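Chemist: I'd like to ask you about the structure that follows.
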Amino acid sequence: WKSIIDKAAETKGVWLDVSNAYSVKILKQNLRSIKGIKFQASILDNILLIKELKSVDFSDKTVIINIASLSLEQIEAHLKFIQTSLKAKQTVLQIGFQDYPTKLEDSGLSKIKVLQEKFNLPLSFADHIDGTHEDAIDLPVAAALKGVSIIEKHVMCSGEKAKYDHFSSVIPSVFDVLFKKLHNIGVE
């Protein structure tokens, strides 16, 4: 993991999806090269994991919290617990719903304004629409135009089906188009 993370960190921000003790171990061993961590909504109730992460210095890191299907009250409670426990430099709320196939109306675009007004935090958007559909480009661009500052997009390098998230993954040429569109509207 160290060689992969170090290589990626040469040109990219490296993020870890933290879900268990093993991922915390990888985080601690590579902390210098990690930009931030992400919690899936299903992990937010894992208090033991959050407590284990208290020993990590997040003062220069970002924590992304996926709030997929949570109520505003649940988001507020998880947010308070994580911010108090981890004391990260920045906390970001992520909108992202995984269902295969994920319908356009389930993408979460309608949540952006509500979350901005309620929490006043940076937002991330992770869509899981069919990677071959034209909305695989348009949906993240729409989210960015609504004020989302971080876009998560799965890319399959070879075009072969990946073990995870292959349905919503795009091929590199589609990602290039998306990247250029996002760059043109000021999203990095």
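Labels for the structure tokens follow display order: chains A, B, ..., residues from 1 in each chain, ligands from 1.
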Fewer than 2 positions away in the same chain doesn't count, so skip those; otherwise give me all residues within 8 Å of range 77-88 of chain A, counting only C-alpha atoms, as a PyMOL selection string.
Modeler: chain A and resi 44+50-51+53-54+56-63+65+73-75+90-91
Chemist: Extract, using only C-alpha atoms, all DNA, RNA and protein residues at most 12 Å from Lys113 in chain A, discarding same-chain residues fewer than 5 positions from it, and format them as a PyMOL selection string.
Modeler: chain A and resi 95+108+118-123+143+145-148
Chemist: Using only C-alpha atoms for the distances, tell me which of A:Ile185, A:Ile34, A:Met156, A:Leu93 is nearest to Ala126 in chain A.
Modeler: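 Residue with the minimum atom-to-atom distance to Ala126 in chain A: A:Leu93.
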Chemist: Give the helix (DSSP H, G or I) residues of range 27-83 of chain A, as assigned by DSSP on the backbone, as number ranges by chain.
Modeler: A: 27-29, 31-33, 41-43, 47-53, 72-83
Chemist: Output C-alpha atoms for every residue in the selection just made, as an mmCIF file, in the first residue's frame.
Modeler:
data_model
loop_
_atom_site.group_PDB
_atom_site.id
_atom_site.type_symbol
_atom_site.label_atom_id
_atom_site.label_comp_id
_atom_site.auth_asym_id
_atom_site.auth_seq_id
_atom_site.Cartn_x
_atom_site.Cartn_y
_atom_site.Cartn_z
ATOM 1 C CA LEU A 27 -3.960 5.349 7.233
ATOM 2 C CA LYS A 28 -1.524 5.574 10.161
ATOM 3 C CA GLN A 29 1.329 4.058 8.138
ATOM 4 C CA LEU A 31 -0.596 9.573 7.019
ATOM 5 C CA ARG A 32 1.927 11.971 5.478
ATOM 6 C CA SER A 33 0.692 11.092 1.960
ATOM 7 C CA ALA A 41 -23.068 6.298 5.675
ATOM 8 C CA SER A 42 -23.082 2.675 6.845
ATOM 9 C CA ILE A 43 -19.915 3.268 8.923
ATOM 10 C CA ILE A 47 -18.312 4.242 17.344
ATOM 11 C CA LEU A 48 -15.353 1.887 17.966
ATOM 12 C CA LEU A 49 -13.856 2.850 14.588
ATOM 13 C CA ILE A 50 -14.279 6.561 15.295
ATOM 14 C CA LYS A 51 -12.679 6.119 18.728
ATOM 15 C CA GLU A 52 -9.745 4.262 17.159
ATOM 16 C CA LEU A 53 -9.263 7.186 14.785
ATOM 17 C CA LEU A 72 -31.059 16.264 8.804
ATOM 18 C CA GLU A 73 -31.203 15.327 12.497
ATOM 19 C CA GLN A 74 -29.069 12.219 11.923
ATOM 20 C CA ILE A 75 -26.566 14.210 9.860
ATOM 21 C CA GLU A 76 -26.311 16.811 12.612
ATOM 22 C CA ALA A 77 -25.669 14.166 15.299
ATOM 23 C CA HIS A 78 -23.021 12.300 13.255
ATOM 24 C CA LEU A 79 -21.387 15.547 12.210
ATOM 25 C CA LYS A 80 -21.095 16.788 15.780
ATOM 26 C CA PHE A 81 -19.646 13.463 16.985
ATOM 27 C CA ILE A 82 -17.075 13.222 14.188
ATOM 28 C CA GLN A 83 -16.015 16.871 14.371
#
Chemist: As a PyMOL selection string, please: the residues near range 134-141 of chain A (cut-off 9 Å, only C-alpha atoms, same-chain neighbours under 2 positions excluded).
Modeler: chain A and resi 104+107+109+125-132+143-146+148+151-153+168-170+174-175+177-179+181-182+185
Chemist: Under the rule that only C-alpha atoms are counted, which of A:Ile5, A:Leu70, A:Val92, A:Val155 is the nearest residue to Ile37 in chain A?
Modeler: A:Val92
Chemist: Please determine, counting only C-alpha atoms, which residue among A:Lys111, A:His154, A:Lys180, A:Lys12 has the shortest atom-to-atom distance to Ser69 in chain A.
Modeler: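 Result for the nearest residue to Ser69 in chain A: A:Lys111.
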Chemist: Under the rule that only C-alpha atoms are counted, which of A:Lys89, A:Lys2, A:His133, A:His183 is the nearest residue to Lys35 in chain A?
Modeler: A:Lys89
Chemist: Mind giving me the straight-line distance from CA of Asp6 in chain A to CA of Asn46 in chain A in Å, one decimal?
Modeler: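 Atom-to-atom, CA of Asp6 in chain A to CA of Asn46 in chain A, that is 28.5 Å.
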Chemist: What is the CA of Ala68 in chain A-CA of Leu115 in chain A distance in Å, reported with one decimal?
Modeler: 11.8 Å
Chemist: Calculated over only C-alpha atoms, which of the candidates A:Gly96, A:Gly36, A:Gly186, A:Pro172 has the smallest distance to Val18 in chain A?
Modeler: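 With only C-alpha atoms as the atom set, the closest residue is A:Gly36.
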Chemist: Could you pull out the strand (DSSP E) residues of chain A, going by DSSP on the backbone, and write them as a list in words?
Modeler: Val14, Trp15, Leu16, Asp17, Ile34, Lys35, Gly36, Ile37, Lys38, Phe39, Thr62, Val63, Ile64, Ile65, Asn66, Gln90, Thr91, Val92, Leu93, Gln94, Ile95, Leu123, Ser124, Phe125, Ala126, Ile150, Ile151 and Glu152 of chain A
